[in-house]
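Coordinates as given in model-v1.pdb (PDB, C-alpha atoms):
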ATOM      1  CA  MET A   1       0.000   0.000   0.000  1.00  0.00           C
ATOM      2  CA  TYR A   2       1.002   3.615  -0.479  1.00  0.00           C
ATOM      3  CA  GLY A   3       0.269   6.358   2.041  1.00  0.00           C
ATOM      4  CA  LEU A   4       0.482  10.119   2.218  1.00  0.00           C
ATOM      5  CA  ILE A   5       0.381  12.538   5.131  1.00  0.00           C
ATOM      6  CA  GLY A   6       0.256  16.200   4.158  1.00  0.00           C
ATOM      7  CA  LYS A   7       0.009  19.388   6.177  1.00  0.00           C
ATOM      8  CA  PHE A   8      -1.435  22.146   4.018  1.00  0.00           C
ATOM      9  CA  ARG A   9      -1.497  25.846   4.862  1.00  0.00           C
ATOM     10  CA  ALA A  10      -4.648  27.577   3.595  1.00  0.00           C
ATOM     11  CA  VAL A  11      -4.733  31.199   2.551  1.00  0.00           C
ATOM     12  CA  PRO A  12      -5.894  32.976   5.735  1.00  0.00           C
ATOM     13  CA  GLY A  13      -9.651  32.719   6.114  1.00  0.00           C
ATOM     14  CA  GLN A  14      -9.982  30.128   3.334  1.00  0.00           C
ATOM     15  CA  ARG A  15      -9.524  26.869   5.247  1.00  0.00           C
ATOM     16  CA  ASP A  16     -13.211  25.977   5.377  1.00  0.00           C
ATOM     17  CA  ALA A  17     -13.587  26.621   1.653  1.00  0.00           C
ATOM     18  CA  LEU A  18     -10.489  24.501   0.961  1.00  0.00           C
ATOM     19  CA  VAL A  19     -11.741  21.656   3.161  1.00  0.00           C
ATOM     20  CA  ALA A  20     -15.074  21.720   1.331  1.00  0.00           C
ATOM     21  CA  ILE A  21     -13.359  21.359  -2.051  1.00  0.00           C
ATOM     22  CA  LEU A  22     -11.064  18.588  -0.804  1.00  0.00           C
ATOM     23  CA  LEU A  23     -14.081  16.625   0.463  1.00  0.00           C
ATOM     24  CA  GLU A  24     -16.111  16.853  -2.713  1.00  0.00           C
ATOM     25  CA  ASP A  25     -16.792  13.591  -4.504  1.00  0.00           C
ATOM     26  CA  VAL A  26     -14.127  11.569  -2.688  1.00  0.00           C
ATOM     27  CA  SER A  27     -15.803   8.200  -3.053  1.00  0.00           C
ATOM     28  CA  ALA A  28     -15.010   7.485  -6.700  1.00  0.00           C
ATOM     29  CA  MET A  29     -11.230   7.272  -6.729  1.00  0.00           C
ATOM     30  CA  PRO A  30     -10.112   3.772  -7.809  1.00  0.00           C
ATOM     31  CA  GLY A  31      -7.564   2.313  -5.402  1.00  0.00           C
ATOM     32  CA  CYS A  32      -8.261   4.827  -2.650  1.00  0.00           C
ATOM     33  CA  LEU A  33      -8.560   2.896   0.606  1.00  0.00           C
ATOM     34  CA  SER A  34      -8.620   5.813   3.044  1.00  0.00           C
ATOM     35  CA  TYR A  35      -8.719   9.588   2.662  1.00  0.00           C
ATOM     36  CA  VAL A  36      -9.203  11.920   5.627  1.00  0.00           C
ATOM     37  CA  VAL A  37      -9.241  15.725   5.668  1.00  0.00           C
ATOM     38  CA  ALA A  38      -8.810  17.224   9.131  1.00  0.00           C
ATOM     39  CA  GLN A  39      -8.366  20.692  10.579  1.00  0.00           C
ATOM     40  CA  ASP A  40      -5.473  21.488  12.885  1.00  0.00           C
ATOM     41  CA  PRO A  41      -7.125  22.924  16.013  1.00  0.00           C
ATOM     42  CA  GLY A  42      -3.907  24.667  16.961  1.00  0.00           C
ATOM     43  CA  ASP A  43      -3.544  26.617  13.717  1.00  0.00           C
ATOM     44  CA  ALA A  44      -6.502  28.298  11.998  1.00  0.00           C
ATOM     45  CA  ASP A  45      -4.916  28.016   8.551  1.00  0.00           C
ATOM     46  CA  ALA A  46      -3.566  24.450   8.778  1.00  0.00           C
ATOM     47  CA  LEU A  47      -5.190  21.233   7.665  1.00  0.00           C
ATOM     48  CA  TRP A  48      -4.009  17.649   7.375  1.00  0.00           C
ATOM     49  CA  VAL A  49      -4.800  15.177   4.617  1.00  0.00           C
ATOM     50  CA  THR A  50      -3.990  11.525   5.326  1.00  0.00           C
ATOM     51  CA  GLU A  51      -4.395   8.957   2.590  1.00  0.00           C
ATOM     52  CA  VAL A  52      -3.984   5.230   1.947  1.00  0.00           C
ATOM     53  CA  TRP A  53      -3.949   3.842  -1.585  1.00  0.00           C
ATOM     54  CA  ASP A  54      -3.593   0.306  -2.813  1.00  0.00           C
ATOM     55  CA  SER A  55      -0.553   1.530  -4.817  1.00  0.00           C
ATOM     56  CA  ARG A  56       1.422   4.622  -5.753  1.00  0.00           C
ATOM     57  CA  ALA A  57       0.214   4.119  -9.328  1.00  0.00           C
ATOM     58  CA  SER A  58      -3.440   4.342  -8.235  1.00  0.00           C
ATOM     59  CA  HIS A  59      -2.748   7.600  -6.460  1.00  0.00           C
ATOM     60  CA  GLN A  60      -0.882   8.934  -9.472  1.00  0.00           C
ATOM     61  CA  ALA A  61      -3.749   7.915 -11.774  1.00  0.00           C
ATOM     62  CA  SER A  62      -6.285   9.652  -9.538  1.00  0.00           C
ATOM     63  CA  LEU A  63      -4.625  12.981 -10.299  1.00  0.00           C
ATOM     64  CA  SER A  64      -5.847  12.606 -13.895  1.00  0.00           C
ATOM     65  CA  LEU A  65      -9.477  12.007 -12.980  1.00  0.00           C
ATOM     66  CA  PRO A  66     -11.648  14.893 -14.247  1.00  0.00           C
ATOM     67  CA  GLN A  67     -13.220  15.554 -10.835  1.00  0.00           C
ATOM     68  CA  VAL A  68      -9.818  15.506  -9.125  1.00  0.00           C
ATOM     69  CA  LYS A  69      -8.237  17.812 -11.731  1.00  0.00           C
ATOM     70  CA  ASP A  70     -11.170  20.181 -11.326  1.00  0.00           C
ATOM     71  CA  ALA A  71     -10.931  20.121  -7.516  1.00  0.00           C
ATOM     72  CA  ILE A  72      -7.157  20.727  -7.635  1.00  0.00           C
ATOM     73  CA  ALA A  73      -7.636  23.689  -9.976  1.00  0.00           C
ATOM     74  CA  ARG A  74     -10.165  25.257  -7.582  1.00  0.00           C
ATOM     75  CA  ALA A  75      -8.153  24.382  -4.478  1.00  0.00           C
ATOM     76  CA  MET A  76      -4.754  25.725  -5.600  1.00  0.00           C
ATOM     77  CA  PRO A  77      -5.639  29.439  -5.188  1.00  0.00           C
ATOM     78  CA  LEU A  78      -6.704  28.694  -1.598  1.00  0.00           C
ATOM     79  CA  ILE A  79      -3.450  26.924  -0.691  1.00  0.00           C
ATOM     80  CA  ALA A  80      -0.699  29.103   0.729  1.00  0.00           C
ATOM     81  CA  GLY A  81       1.789  26.287   1.308  1.00  0.00           C
ATOM     82  CA  LEU A  82       2.535  22.640   1.964  1.00  0.00           C
ATOM     83  CA  ASP A  83       4.256  22.477   5.349  1.00  0.00           C
ATOM     84  CA  GLN A  84       4.708  18.703   5.445  1.00  0.00           C
ATOM     85  CA  HIS A  85       4.521  16.063   2.724  1.00  0.00           C
ATOM     86  CA  ILE A  86       5.285  12.561   3.994  1.00  0.00           C
ATOM     87  CA  GLU A  87       5.086   9.371   1.964  1.00  0.00           C
ATOM     88  CA  THR A  88       4.419   6.234   3.992  1.00  0.00           C
ATOM     89  CA  VAL A  89       4.029   2.506   3.533  1.00  0.00           C
ATOM     90  CA  PRO A  90       0.813   1.547   5.348  1.00  0.00           C
ATOM     91  CA  ALA A  91       1.090  -1.838   7.063  1.00  0.00           C
ATOM     92  CA  GLY A  92      -2.551  -2.155   8.023  1.00  0.00           C
ATOM     93  CA  GLY A  93      -5.210  -0.834  10.311  1.00  0.00           C
ATOM     94  CA  TYR A  94      -8.924  -0.334  10.611  1.00  0.00           C
ATOM     95  CA  GLY A  95     -11.267   1.597   8.366  1.00  0.00           C
ATOM     96  CA  ILE A  96      -9.093   0.877   5.339  1.00  0.00           C
ATOM     97  CA  ARG A  97     -11.468  -0.105   2.582  1.00  0.00           C
ATOM     98  CA  ALA A  98     -10.649  -3.426   0.925  1.00  0.00           C
ATOM     99  CA  PRO A  99      -8.981  -2.823  -2.478  1.00  0.00           C
ATOM    100  CA  GLY A 100     -11.196  -2.959  -5.583  1.00  0.00           C
TER
ATOM    101  CA  MET B   1     -14.676  13.790  15.288  1.00  0.00           C
ATOM    102  CA  TYR B   2     -11.286  13.561  16.923  1.00  0.00           C
ATOM    103  CA  GLY B   3      -8.090  12.715  15.075  1.00  0.00           C
ATOM    104  CA  LEU B   4      -4.519  11.877  15.894  1.00  0.00           C
ATOM    105  CA  ILE B   5      -1.363  11.808  13.794  1.00  0.00           C
ATOM    106  CA  GLY B   6       1.691  10.392  15.545  1.00  0.00           C
ATOM    107  CA  LYS B   7       5.244   9.765  14.400  1.00  0.00           C
ATOM    108  CA  PHE B   8       6.807   7.119  16.589  1.00  0.00           C
ATOM    109  CA  ARG B   9      10.483   6.195  16.726  1.00  0.00           C
ATOM    110  CA  ALA B  10      11.053   2.469  17.311  1.00  0.00           C
ATOM    111  CA  VAL B  11      14.049   1.098  19.116  1.00  0.00           C
ATOM    112  CA  PRO B  12      16.475   0.311  16.274  1.00  0.00           C
ATOM    113  CA  GLY B  13      15.602  -3.014  14.670  1.00  0.00           C
ATOM    114  CA  GLN B  14      12.242  -3.247  16.457  1.00  0.00           C
ATOM    115  CA  ARG B  15       9.930  -1.426  14.056  1.00  0.00           C
ATOM    116  CA  ASP B  16       8.400  -4.559  12.548  1.00  0.00           C
ATOM    117  CA  ALA B  17       7.735  -6.010  15.990  1.00  0.00           C
ATOM    118  CA  LEU B  18       6.181  -2.700  17.084  1.00  0.00           C
ATOM    119  CA  VAL B  19       3.998  -2.512  13.980  1.00  0.00           C
ATOM    120  CA  ALA B  20       2.794  -6.064  14.600  1.00  0.00           C
ATOM    121  CA  ILE B  21       1.726  -5.209  18.154  1.00  0.00           C
ATOM    122  CA  LEU B  22       0.024  -1.975  17.067  1.00  0.00           C
ATOM    123  CA  LEU B  23      -1.984  -3.904  14.461  1.00  0.00           C
ATOM    124  CA  GLU B  24      -3.218  -6.629  16.771  1.00  0.00           C
ATOM    125  CA  ASP B  25      -6.948  -6.762  17.400  1.00  0.00           C
ATOM    126  CA  VAL B  26      -7.698  -3.268  16.082  1.00  0.00           C
ATOM    127  CA  SER B  27     -11.271  -3.954  15.052  1.00  0.00           C
ATOM    128  CA  ALA B  28     -12.921  -3.909  18.462  1.00  0.00           C
ATOM    129  CA  MET B  29     -12.367  -0.344  19.652  1.00  0.00           C
ATOM    130  CA  PRO B  30     -15.731   1.427  20.117  1.00  0.00           C
ATOM    131  CA  GLY B  31     -15.788   4.809  18.368  1.00  0.00           C
ATOM    132  CA  CYS B  32     -12.718   4.113  16.258  1.00  0.00           C
ATOM    133  CA  LEU B  33     -13.524   5.187  12.713  1.00  0.00           C
ATOM    134  CA  SER B  34     -10.066   4.904  11.181  1.00  0.00           C
ATOM    135  CA  TYR B  35      -6.714   3.636  12.422  1.00  0.00           C
ATOM    136  CA  VAL B  36      -3.702   3.234  10.127  1.00  0.00           C
ATOM    137  CA  VAL B  37      -0.173   2.117  11.023  1.00  0.00           C
ATOM    138  CA  ALA B  38       2.393   2.942   8.353  1.00  0.00           C
ATOM    139  CA  GLN B  39       6.153   2.716   8.016  1.00  0.00           C
ATOM    140  CA  ASP B  40       8.216   5.737   7.035  1.00  0.00           C
ATOM    141  CA  PRO B  41      10.206   4.568   3.995  1.00  0.00           C
ATOM    142  CA  GLY B  42      12.781   7.278   4.601  1.00  0.00           C
ATOM    143  CA  ASP B  43      13.624   6.258   8.160  1.00  0.00           C
ATOM    144  CA  ALA B  44      14.032   2.614   9.194  1.00  0.00           C
ATOM    145  CA  ASP B  45      12.993   3.318  12.783  1.00  0.00           C
ATOM    146  CA  ALA B  46      10.033   5.634  12.130  1.00  0.00           C
ATOM    147  CA  LEU B  47       6.370   4.787  11.830  1.00  0.00           C
ATOM    148  CA  TRP B  48       3.201   6.831  11.594  1.00  0.00           C
ATOM    149  CA  VAL B  49      -0.128   6.130  13.265  1.00  0.00           C
ATOM    150  CA  THR B  50      -3.125   8.100  11.976  1.00  0.00           C
ATOM    151  CA  GLU B  51      -6.455   7.795  13.724  1.00  0.00           C
ATOM    152  CA  VAL B  52     -10.032   9.089  13.514  1.00  0.00           C
ATOM    153  CA  TRP B  53     -12.440   8.647  16.428  1.00  0.00           C
ATOM    154  CA  ASP B  54     -16.043   9.695  16.790  1.00  0.00           C
ATOM    155  CA  SER B  55     -14.937  11.678  19.886  1.00  0.00           C
ATOM    156  CA  ARG B  56     -11.949  12.395  22.134  1.00  0.00           C
ATOM    157  CA  ALA B  57     -13.815  10.524  24.898  1.00  0.00           C
ATOM    158  CA  SER B  58     -13.992   7.356  22.780  1.00  0.00           C
ATOM    159  CA  HIS B  59     -10.270   7.500  22.190  1.00  0.00           C
ATOM    160  CA  GLN B  60      -9.612   8.109  25.866  1.00  0.00           C
ATOM    161  CA  ALA B  61     -11.876   5.167  26.810  1.00  0.00           C
ATOM    162  CA  SER B  62     -10.051   2.880  24.389  1.00  0.00           C
ATOM    163  CA  LEU B  63      -6.884   3.265  26.431  1.00  0.00           C
ATOM    164  CA  SER B  64      -8.635   1.368  29.237  1.00  0.00           C
ATOM    165  CA  LEU B  65      -9.637  -1.608  27.094  1.00  0.00           C
ATOM    166  CA  PRO B  66      -7.804  -4.757  28.275  1.00  0.00           C
ATOM    167  CA  GLN B  67      -6.435  -5.578  24.814  1.00  0.00           C
ATOM    168  CA  VAL B  68      -5.232  -1.985  24.334  1.00  0.00           C
ATOM    169  CA  LYS B  69      -3.605  -1.811  27.773  1.00  0.00           C
ATOM    170  CA  ASP B  70      -1.874  -5.118  27.056  1.00  0.00           C
ATOM    171  CA  ALA B  71      -0.673  -3.932  23.635  1.00  0.00           C
ATOM    172  CA  ILE B  72       0.621  -0.649  25.078  1.00  0.00           C
ATOM    173  CA  ALA B  73       2.514  -2.516  27.804  1.00  0.00           C
ATOM    174  CA  ARG B  74       4.205  -4.728  25.207  1.00  0.00           C
ATOM    175  CA  ALA B  75       4.804  -1.847  22.792  1.00  0.00           C
ATOM    176  CA  MET B  76       6.360   0.642  25.221  1.00  0.00           C
ATOM    177  CA  PRO B  77       9.770  -1.136  25.488  1.00  0.00           C
ATOM    178  CA  LEU B  78      10.011  -1.039  21.672  1.00  0.00           C
ATOM    179  CA  ILE B  79       9.319   2.712  21.449  1.00  0.00           C
ATOM    180  CA  ALA B  80      12.358   4.975  21.564  1.00  0.00           C
ATOM    181  CA  GLY B  81      10.425   8.218  21.137  1.00  0.00           C
ATOM    182  CA  LEU B  82       7.422  10.129  19.869  1.00  0.00           C
ATOM    183  CA  ASP B  83       8.698  12.596  17.273  1.00  0.00           C
ATOM    184  CA  GLN B  84       5.325  14.135  16.388  1.00  0.00           C
ATOM    185  CA  HIS B  85       1.971  14.055  18.161  1.00  0.00           C
ATOM    186  CA  ILE B  86      -0.724  16.062  16.411  1.00  0.00           C
ATOM    187  CA  GLU B  87      -4.353  16.291  17.421  1.00  0.00           C
ATOM    188  CA  THR B  88      -6.751  17.081  14.583  1.00  0.00           C
ATOM    189  CA  VAL B  89     -10.436  17.676  13.962  1.00  0.00           C
ATOM    190  CA  PRO B  90     -11.378  15.426  11.030  1.00  0.00           C
ATOM    191  CA  ALA B  91     -13.927  17.073   8.724  1.00  0.00           C
ATOM    192  CA  GLY B  92     -14.633  14.026   6.607  1.00  0.00           C
ATOM    193  CA  GLY B  93     -13.212  11.744   3.986  1.00  0.00           C
ATOM    194  CA  TYR B  94     -13.409   8.250   2.632  1.00  0.00           C
ATOM    195  CA  GLY B  95     -12.816   4.965   4.437  1.00  0.00           C
ATOM    196  CA  ILE B  96     -14.008   6.421   7.716  1.00  0.00           C
ATOM    197  CA  ARG B  97     -16.267   3.810   9.246  1.00  0.00           C
ATOM    198  CA  ALA B  98     -19.682   5.053  10.265  1.00  0.00           C
ATOM    199  CA  PRO B  99     -19.863   5.583  14.058  1.00  0.00           C
ATOM    200  CA  GLY B 100     -21.315   2.749  16.183  1.00  0.00           C
TER
END
Would you put the structure from the file into structure tokens?
Amino acid sequence: MYGLIGKFRAVPGQRDALVAILLEDVSAMPGCLSYVVAQDPGDADALWVTEVWDSRASHQASLSLPQVKDAIARAMPLIAGLDQHIETVPAGGYGIRAPG
Amino acid sequence: MYGLIGKFRAVPGQRDALVAILLEDVSAMPGCLSYVVAQDPGDADALWVTEVWDSRASHQASLSLPQVKDAIARAMPLIAGLDQHIETVPAGGYGIRAPG
């Protein structure tokens, strides 16, 4: 499996709008086993996105999906920075959808 | 919802053993909506645990479950440090089990 942990910095005042975009239509991404968008309660502009995919290739392919490309295009102006970008190798857990 | 992102440092050579303990019996924790244990491919001793709970109270209560207390007791000697411990407020996502 392939995992990502990212800490995004929203443009001040735009975190809620960014979260809304990032949560649109998240159920139809082939190979996506887990995708969570969370606010950082300690920083009004920070949010965390944690993901598990069945493979790096599936994640890469998702970036070409029309709805994902559209969401990225609308989200980019609301993103002020990417504070952390961590790739992981998920070993297992709970709430990880079965592949396929 | 209540979320946690933790970067643990295993005692050198003990990451696999630690991961195995952390993945034991993870399906029976009331209020746990998502729980992922992942290795950091860039650091042989580092692993990430990302969690989503229906509430902080549910997470707190889980620490008193016999199987969790037992796992923590066995895991502690294999943990060399906690590099990051982030509390989050999950807004939504995919692969988050419905509460209850």
Using all atoms listed in the file, the residue out of A:Asp16, A:Asp54, A:Asp70, A:Asp45 with shortest distance to chain B is A:Asp16
Taking the file as I've supplied it (selection: the PyMOL selection byres ((chain B and resi 22) around 12)), which residues are included? Please answer as a PyMOL selection string. (chain A and resi 91-94) or (chain B and resi 8+10+15-21+23-27+35-39+47-50+67-76+78-79)
So that I can check the surroundings of Val89 in chain B, please list as a JSON list (two decimals) with C-alpha atoms, in the coordinates of the input every protein, DNA and RNA residue that reaches within 7 Å of it, counting only C-alpha atoms and ignoring chain neighbours fewer than 4 positions away.
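The result, written out as part10.json:
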[["chain", "number", "residue", "atom", "x", "y", "z"],
["A", 38, "ALA", "CA", -8.81, 17.22, 9.13],
["A", 39, "GLN", "CA", -8.37, 20.69, 10.58],
["A", 40, "ASP", "CA", -5.47, 21.49, 12.88],
["A", 41, "PRO", "CA", -7.12, 22.92, 16.01],
["B", 1, "MET", "CA", -14.68, 13.79, 15.29],
["B", 2, "TYR", "CA", -11.29, 13.56, 16.92],
["B", 3, "GLY", "CA", -8.09, 12.72, 15.08]]
Counting all atoms listed in the file, which of B:Gln14, B:Ser55, B:Gln84, B:Ser62 gets nearest to Met29 in chain B?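 Among B:Gln14, B:Ser55, B:Gln84, B:Ser62, it is B:Ser62 that comes nearest to Met29 in chain B.
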Considering only C-alpha atoms, state which residue in the set B:Leu63, B:Val52, B:Leu4, B:Leu82 is at the smallest distance from Ser34 in chain A.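 The closest residue to Ser34 in chain A is B:Val52.
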